[in-house]
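Enquirer: Once you've had a glance at the structure underneath, I'll fire off some questions.
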Amino acid sequence: MTMLNVAELAELQKRRSEKWSGHAPGVIASTVAEMDFDLAEPIARVLHDAIDRSDLGYAFEVPERLKEAFTGFADRRLGWTVDPERVTLAPEVLAGLIELCLALAPGGSVGFATSAYPPFLQQIPQAGLRTVLIPLRPDGWFDLERLGAELRNGLRVLVLTNPHNPTGRVLPREELEQIAELCASYDAWVLADEIHAPLVLPGATHVPWLEVSDAARAGGISLISASKAFNIAGLKAAQIVTASDRAQDVVRRLPYTAEQAGLLGVLAAEVAFSQCDDWLDAVLRQLDDNRAYLRDNLPDGITWTPPDATYVAWLDCRALGLDEEPSSFFLRRAKIALSPGLDYDPDASGFLRLNFGTGPKLLEEIVSRLRSSLE
Ligand SMILES: Cc1ncc(COP(=O)(O)O)c(C=O)c1O
């Protein structure tokens, strides 16, 4: 059985990636979606080998081995039959999404549920597109009525994040079927961001968008990557998947795809998808334990719905009655860096997102500091 290791805090603080960079001494980072676990051994090995060969050039060859590894993973772990001919490499999910939005709605609007992954709020407008926010219902469900109204108003591209970030909710099949039908009736495209799908925790099942229905396949494009689940987001190799000629035709015409992916990302994703199931299972066990620990130990006054997937906890701190924004309060009083709710949603000022992709020792320290800061 694979054992996970998390380095000591002082070692983590030496990391140069976004999560651990730029904090004052003594601060524990619990922000951007990176995990603290040591890399899966096969990934570390393939990266070391590439460096030993000075093999850091362009990702030039058509990555047949990556396609094979990915389709095997999709079948084995997600119950998703993928045609390798319909897998296209992209540097990132985000870059692929923006390219697709530009291709499908030039100068138009793109809808997505809020609270949302912050770059949707920032980068979709920067690409010259209008954002149409579809606030999640108070129970966290997707708002079909609001979607219907926006489709009637002319919306033709929906970015559907499932599992959702920041709530970690996995949308059930019925809800997905309804979204697919509604969008199909207006001939609207659905870009399914399924980057968190490999991180579904015990108790939930992810239904891949292209397995939902004929309507979903006809007007849908899925984007997925090894980056979140295997903690290799800096390496740049994502997959765009289709299940219809019409969708594949859109992807074929994208200007920036395979050539911009990173070779190290391709090599790492190949082994992630084919040789790292044991490591991923160990991660999922730890995340499940962490979720239970948070359920039992979060301070009174912080409420949440435990996520079905991934390693983020979307925390409602409004009942704490703080007189400052919660992430500023906890940074100042607890020396914990958390992601402010406002980054995800203009209406989420009393919320924050906590990243629990770490080992038990650090999670206990995070929770203990949160509790002490409120005493
Ligand atoms: C929903 C969602 N989409 C996309 C991304 C970014 O993926 P990539 O690094 O492949 O652009 C993230 C990262 O956390 C995410 O949560």
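Letters A, B, ... mark the chains of the structure tokens in the order given; residue numbers begin at 1 per chain; ligand numbers begin at 1, in order shown.
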Could you pull out the residues in stretch 219-275 of chain A that DSSP calls helix (DSSP H, G or I) from the backbone, as a ChimeraX atom specification?
Expert: /A:233-235,245-252,258-260,263-275
Enquirer: Around ligand 1, at most 7 Å away and counting only C-alpha atoms and all ligand atoms, which residues are there? Put them as an mmCIF file with N, CA and C atoms, in the first residue's frame, please.
Expert:
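Output saved as part.cif:
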data_model
loop_
_atom_site.group_PDB
_atom_site.id
_atom_site.type_symbol
_atom_site.label_atom_id
_atom_site.label_comp_id
_atom_site.auth_asym_id
_atom_site.auth_seq_id
_atom_site.Cartn_x
_atom_site.Cartn_y
_atom_site.Cartn_z
ATOM 1 N N ALA A 33 -5.201 25.593 -5.113
ATOM 2 C CA ALA A 33 -5.376 24.143 -5.144
ATOM 3 C C ALA A 33 -4.106 23.410 -5.584
ATOM 4 N N GLU A 92 -3.298 23.717 -20.789
ATOM 5 C CA GLU A 92 -4.022 23.787 -19.509
ATOM 6 C C GLU A 92 -5.503 23.700 -19.776
ATOM 7 N N VAL A 93 -6.235 23.350 -18.759
ATOM 8 C CA VAL A 93 -7.693 23.399 -18.855
ATOM 9 C C VAL A 93 -8.139 24.844 -19.086
ATOM 10 N N LEU A 94 -7.580 25.775 -18.313
ATOM 11 C CA LEU A 94 -8.037 27.161 -18.429
ATOM 12 C C LEU A 94 -7.783 27.723 -19.830
ATOM 13 N N ALA A 95 -6.573 27.513 -20.342
ATOM 14 C CA ALA A 95 -6.256 28.025 -21.679
ATOM 15 C C ALA A 95 -7.174 27.382 -22.718
ATOM 16 N N TYR A 117 -14.473 29.217 -9.872
ATOM 17 C CA TYR A 117 -13.005 29.264 -9.946
ATOM 18 C C TYR A 117 -12.601 30.690 -10.391
ATOM 19 N N THR A 161 -18.612 23.430 -14.360
ATOM 20 C CA THR A 161 -17.539 22.825 -13.573
ATOM 21 C C THR A 161 -18.123 21.712 -12.715
ATOM 22 N N HIS A 164 -17.677 20.676 -8.700
ATOM 23 C CA HIS A 164 -17.624 22.130 -8.668
ATOM 24 C C HIS A 164 -16.480 22.618 -7.776
ATOM 25 N N ASN A 165 -15.948 23.752 -8.144
ATOM 26 C CA ASN A 165 -14.978 24.463 -7.316
ATOM 27 C C ASN A 165 -15.568 25.853 -7.129
ATOM 28 N N ASP A 193 -15.840 21.440 -17.478
ATOM 29 C CA ASP A 193 -14.530 21.467 -16.808
ATOM 30 C C ASP A 193 -14.552 20.373 -15.739
ATOM 31 N N ILE A 195 -11.831 18.882 -14.323
ATOM 32 C CA ILE A 195 -10.468 18.735 -13.827
ATOM 33 C C ILE A 195 -10.419 18.040 -12.457
ATOM 34 N N HIS A 196 -11.481 18.189 -11.650
ATOM 35 C CA HIS A 196 -11.465 17.574 -10.320
ATOM 36 C C HIS A 196 -12.073 16.161 -10.306
ATOM 37 N N SER A 225 -7.528 17.043 -16.814
ATOM 38 C CA SER A 225 -6.065 17.071 -16.735
ATOM 39 C C SER A 225 -5.621 16.254 -15.532
ATOM 40 N N SER A 227 -3.441 17.446 -13.704
ATOM 41 C CA SER A 227 -2.755 18.463 -12.908
ATOM 42 C C SER A 227 -3.214 18.553 -11.458
ATOM 43 N N LYS A 228 -4.538 18.520 -11.220
ATOM 44 C CA LYS A 228 -5.019 18.667 -9.832
ATOM 45 C C LYS A 228 -4.810 17.383 -9.054
ATOM 46 N N ALA A 233 0.408 20.794 -11.536
ATOM 47 C CA ALA A 233 -0.222 21.882 -12.302
ATOM 48 C C ALA A 233 0.795 22.751 -13.040
ATOM 49 N N LYS A 236 1.852 21.615 -17.271
ATOM 50 C CA LYS A 236 1.141 22.049 -18.485
ATOM 51 C C LYS A 236 0.890 20.971 -19.539
ATOM 52 N N ALA A 238 -2.954 19.286 -20.572
ATOM 53 C CA ALA A 238 -4.355 18.952 -20.285
ATOM 54 C C ALA A 238 -4.954 18.237 -21.496
#
Enquirer: Closest to A:Gly57 among A:Thr81, A:Thr2, A:Gln260, A:Asn290, using only C-alpha atoms?
Expert: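 Answer, going by the shortest atom-to-atom distance: A:Gln260.
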Enquirer: DSSP says strand (DSSP E) for which residues of stretch 4-185 of chain A? Put them as a ChimeraX atom specification?
Expert: /A:28-29,87-90,109-114,130-135,157-161
Enquirer: Can you build me a table of stretch 45-163 of chain A residues sitting at most 10 Å from stretch 205-210 of chain A, with the closest atom pair per residue and its distance in Å to one decimal, using only C-alpha atoms, sorted by chain and residue number, as CSV?
Expert:
residue,atom,partner,partner_atom,distance
A:Ala74,CA,A:Pro208,CA,9.1
A:Arg77,CA,A:His206,CA,9.8
A:Leu78,CA,A:His206,CA,7.0
A:Gly79,CA,A:Val207,CA,8.0
A:Trp80,CA,A:Pro208,CA,6.5
A:Thr81,CA,A:Leu210,CA,8.9
A:Val82,CA,A:Leu210,CA,8.8
A:Leu160,CA,A:Trp209,CA,9.3
A:Asn162,CA,A:His206,CA,8.1
A:Pro163,CA,A:His206,CA,7.4
Enquirer: Save the residues we just selected, C-alpha atoms, as a CSV table (one decimal), in the first residue's frame?
Expert:
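Printed below is out-v5.csv as written:
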chain,number,residue,atom,x,y,z
A,74,ALA,CA,-11.0,7.3,-17.9
A,77,ARG,CA,-11.6,5.1,-12.8
A,78,LEU,CA,-14.4,7.2,-14.3
A,79,GLY,CA,-16.5,4.7,-16.2
A,80,TRP,CA,-15.9,6.8,-19.3
A,81,THR,CA,-15.3,5.3,-22.7
A,82,VAL,CA,-13.1,7.7,-24.6
A,160,LEU,CA,-20.0,23.7,-16.3
A,162,ASN,CA,-18.2,19.4,-12.2
A,163,PRO,CA,-17.1,18.5,-9.6
Enquirer: Skipping near chain neighbours, those fewer than 6 positions away, what residues fall within 12 Å of A:Glu8 using only C-alpha atoms, listed as a PyMOL selection string?
Expert: chain A and resi 14-15+28+36-38+358-362
Enquirer: The selected residues should be written to file as a short mmCIF file (atom, residue, chain, number, x, y, z; two decimals), in the first residue's frame (atoms: N, CA and C atoms).
Expert:
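That gives us out-v1.cif:
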data_model
loop_
_atom_site.label_atom_id
_atom_site.label_comp_id
_atom_site.auth_asym_id
_atom_site.auth_seq_id
_atom_site.Cartn_x
_atom_site.Cartn_y
_atom_site.Cartn_z
N LYS A 14 9.79 26.22 1.62
CA LYS A 14 10.83 26.49 0.60
C LYS A 14 10.29 26.31 -0.82
N ARG A 15 9.11 25.71 -0.96
CA ARG A 15 8.58 25.52 -2.31
C ARG A 15 8.40 26.85 -3.00
N ILE A 28 1.03 29.46 7.60
CA ILE A 28 0.71 28.20 6.93
C ILE A 28 -0.22 28.52 5.76
N ASP A 36 0.06 19.10 -0.61
CA ASP A 36 1.38 19.09 0.03
C ASP A 36 2.08 17.73 -0.04
N PHE A 37 1.40 16.71 -0.55
CA PHE A 37 2.00 15.36 -0.56
C PHE A 37 3.22 15.30 -1.49
N ASP A 38 4.17 14.47 -1.11
CA ASP A 38 5.29 14.21 -2.04
C ASP A 38 4.72 13.61 -3.33
N THR A 358 -3.51 18.21 2.49
CA THR A 358 -2.27 18.15 3.26
C THR A 358 -2.33 16.97 4.21
N GLY A 359 -1.29 16.79 4.99
CA GLY A 359 -1.27 15.67 5.93
C GLY A 359 -2.00 16.02 7.23
N PRO A 360 -2.25 14.98 8.08
CA PRO A 360 -3.04 15.22 9.30
C PRO A 360 -2.39 16.21 10.25
N LYS A 361 -1.05 16.18 10.31
CA LYS A 361 -0.38 17.04 11.29
C LYS A 361 -0.63 18.52 10.97
N LEU A 362 -0.45 18.85 9.71
CA LEU A 362 -0.62 20.26 9.33
C LEU A 362 -2.09 20.67 9.40
#
Enquirer: Just give me the gap between atom CA of A:Ala90 and atom CA of A:Pro106 in Å, one decimal is fine.
Expert: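 Answer for the atom CA of A:Ala90 to atom CA of A:Pro106 separation: 19.9 Å.
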Enquirer: Write out as CSV a residue-level contact list of stretch 220-321 of chain A versus stretch 167-171 of chain A with cut-off 9 Å: for each qualifying residue the closest pair of atoms and the distance in Å to one decimal, counting only C-alpha atoms, rows sorted by chain and residue number upward.
Expert:
residue,atom,partner,partner_atom,distance
A:Trp304,CA,A:Thr167,CA,8.9
A:Thr305,CA,A:Thr167,CA,7.8
A:Pro306,CA,A:Gly168,CA,7.9
A:Pro307,CA,A:Gly168,CA,4.4
A:Asp308,CA,A:Arg169,CA,5.2
A:Ala309,CA,A:Gly168,CA,5.1
A:Thr310,CA,A:Gly168,CA,6.0
A:Tyr311,CA,A:Gly168,CA,7.7
A:Val312,CA,A:Gly168,CA,6.5
A:Ala313,CA,A:Thr167,CA,6.7
A:Trp314,CA,A:Thr167,CA,5.4
A:Leu315,CA,A:Thr167,CA,8.9
Enquirer: Need to verify the contact set: stretch 178-192 of chain A, 6 Å, only C-alpha atoms, exclusion of same-chain residues closer than 6 positions in sequence. Can you return it as a ChimeraX atom specification?
Expert: /A:156-161,215-216,219-222
Enquirer: Could you name the residues that touch A:Leu331 at 12 Å or less, counting only C-alpha atoms, but leaving out those on the same chain fewer than 6 positions away, as a list in words?
Expert: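 After dropping sequence-adjacent residues, the list is His23, Ala24, Pro25, Gly26, Val27, Ile28, Ala29, Ser30, Thr31, Glu324, Glu325, Ala337, Leu338, Ser339, Pro340, Leu352, Ile366, Arg369, Leu370 and Ser373 of chain A.
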Enquirer: With C-alpha atoms kept, could you save the residues just selected as a compact mmCIF listing (two decimals), in the first residue's frame?
Expert:
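That gives us out_13.txt:
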# COMPACT_ATOMS: atom_id res chain seq x y z
CA HIS A 23 3.97 34.47 2.78
CA ALA A 24 5.38 36.05 5.93
CA PRO A 25 7.46 33.75 8.17
CA GLY A 26 5.36 31.31 10.18
CA VAL A 27 2.32 31.50 7.94
CA ILE A 28 0.71 28.20 6.93
CA ALA A 29 -0.63 28.32 3.38
CA SER A 30 -4.06 26.86 2.72
CA THR A 31 -4.91 28.70 -0.47
CA GLU A 324 -13.27 42.23 8.98
CA GLU A 325 -13.12 39.98 5.96
CA ALA A 337 -3.42 32.10 4.57
CA LEU A 338 -6.86 31.20 3.16
CA SER A 339 -8.61 32.19 -0.07
CA PRO A 340 -11.14 35.01 0.33
CA LEU A 352 -13.48 31.60 2.51
CA ILE A 366 -4.47 24.78 10.86
CA ARG A 369 -4.87 27.98 15.03
CA LEU A 370 -8.30 28.86 13.63
CA SER A 373 -7.75 32.90 17.03
Enquirer: List as an mmCIF file with C-alpha atoms, in the first residue's frame the protein and nucleic acid residues near A:Arg318, meaning an atom at most 8 Å away when only C-alpha atoms are counted, but skip any in the same chain fewer than 4 places from it.
Expert:
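Output file around-v3.cif follows:
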data_model
loop_
_atom_site.group_PDB
_atom_site.id
_atom_site.type_symbol
_atom_site.label_atom_id
_atom_site.label_comp_id
_atom_site.auth_asym_id
_atom_site.auth_seq_id
_atom_site.Cartn_x
_atom_site.Cartn_y
_atom_site.Cartn_z
ATOM 1 C CA GLY A 301 -19.802 29.540 13.907
ATOM 2 C CA ILE A 302 -18.161 28.236 10.715
ATOM 3 C CA LEU A 322 -16.156 39.242 12.487
ATOM 4 C CA GLY A 350 -18.322 36.234 4.540
ATOM 5 C CA PHE A 351 -16.897 33.051 2.981
#
Enquirer: Can you work out which one of A:Ala292, A:Leu320, A:Leu47, A:Val241 has the shortest atom-to-atom distance to A:Asp83, counting only C-alpha atoms?
Expert: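 Looking only at the distances to A:Asp83, the closest residue turns out to be A:Val241.
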Enquirer: So the first atom is atom CA of A:Leu298 and the second is atom CA of A:Val367; what is the distance between them in Å, to one decimal place?
Expert: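 Atom-to-atom, atom CA of A:Leu298 and atom CA of A:Val367 are spaced 6.5 Å apart.
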Enquirer: For A:Pro91, find every residue with an atom within 12 Å (counting only C-alpha atoms), except residues of its own chain fewer than 5 positions away, and show them as a VMD selection string.
Expert: chain A and resid 58 to 59 96 to 99 223 to 227 233 to 240 256 to 266 269
Enquirer: Would you mind telling me which residue in A:Cys101, A:Ala282, A:Ala348, A:Ile336 lies nearest to A:Arg371 when using only C-alpha atoms?
Expert: A:Ile336
Enquirer: Restricting the calculation to only C-alpha atoms, which member of A:Gly22, A:Gly128, A:Pro135, A:Pro326 is positioned closest to A:Thr114?
Expert: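 Checking each of A:Gly22, A:Gly128, A:Pro135, A:Pro326 against A:Thr114, counting only C-alpha atoms, the winner is A:Pro135.
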Enquirer: Please determine, counting only C-alpha atoms, which residue among A:Ser327, A:Leu12, A:Met3, A:Leu89 has the shortest atom-to-atom distance to A:Phe60.
Expert: A:Leu89
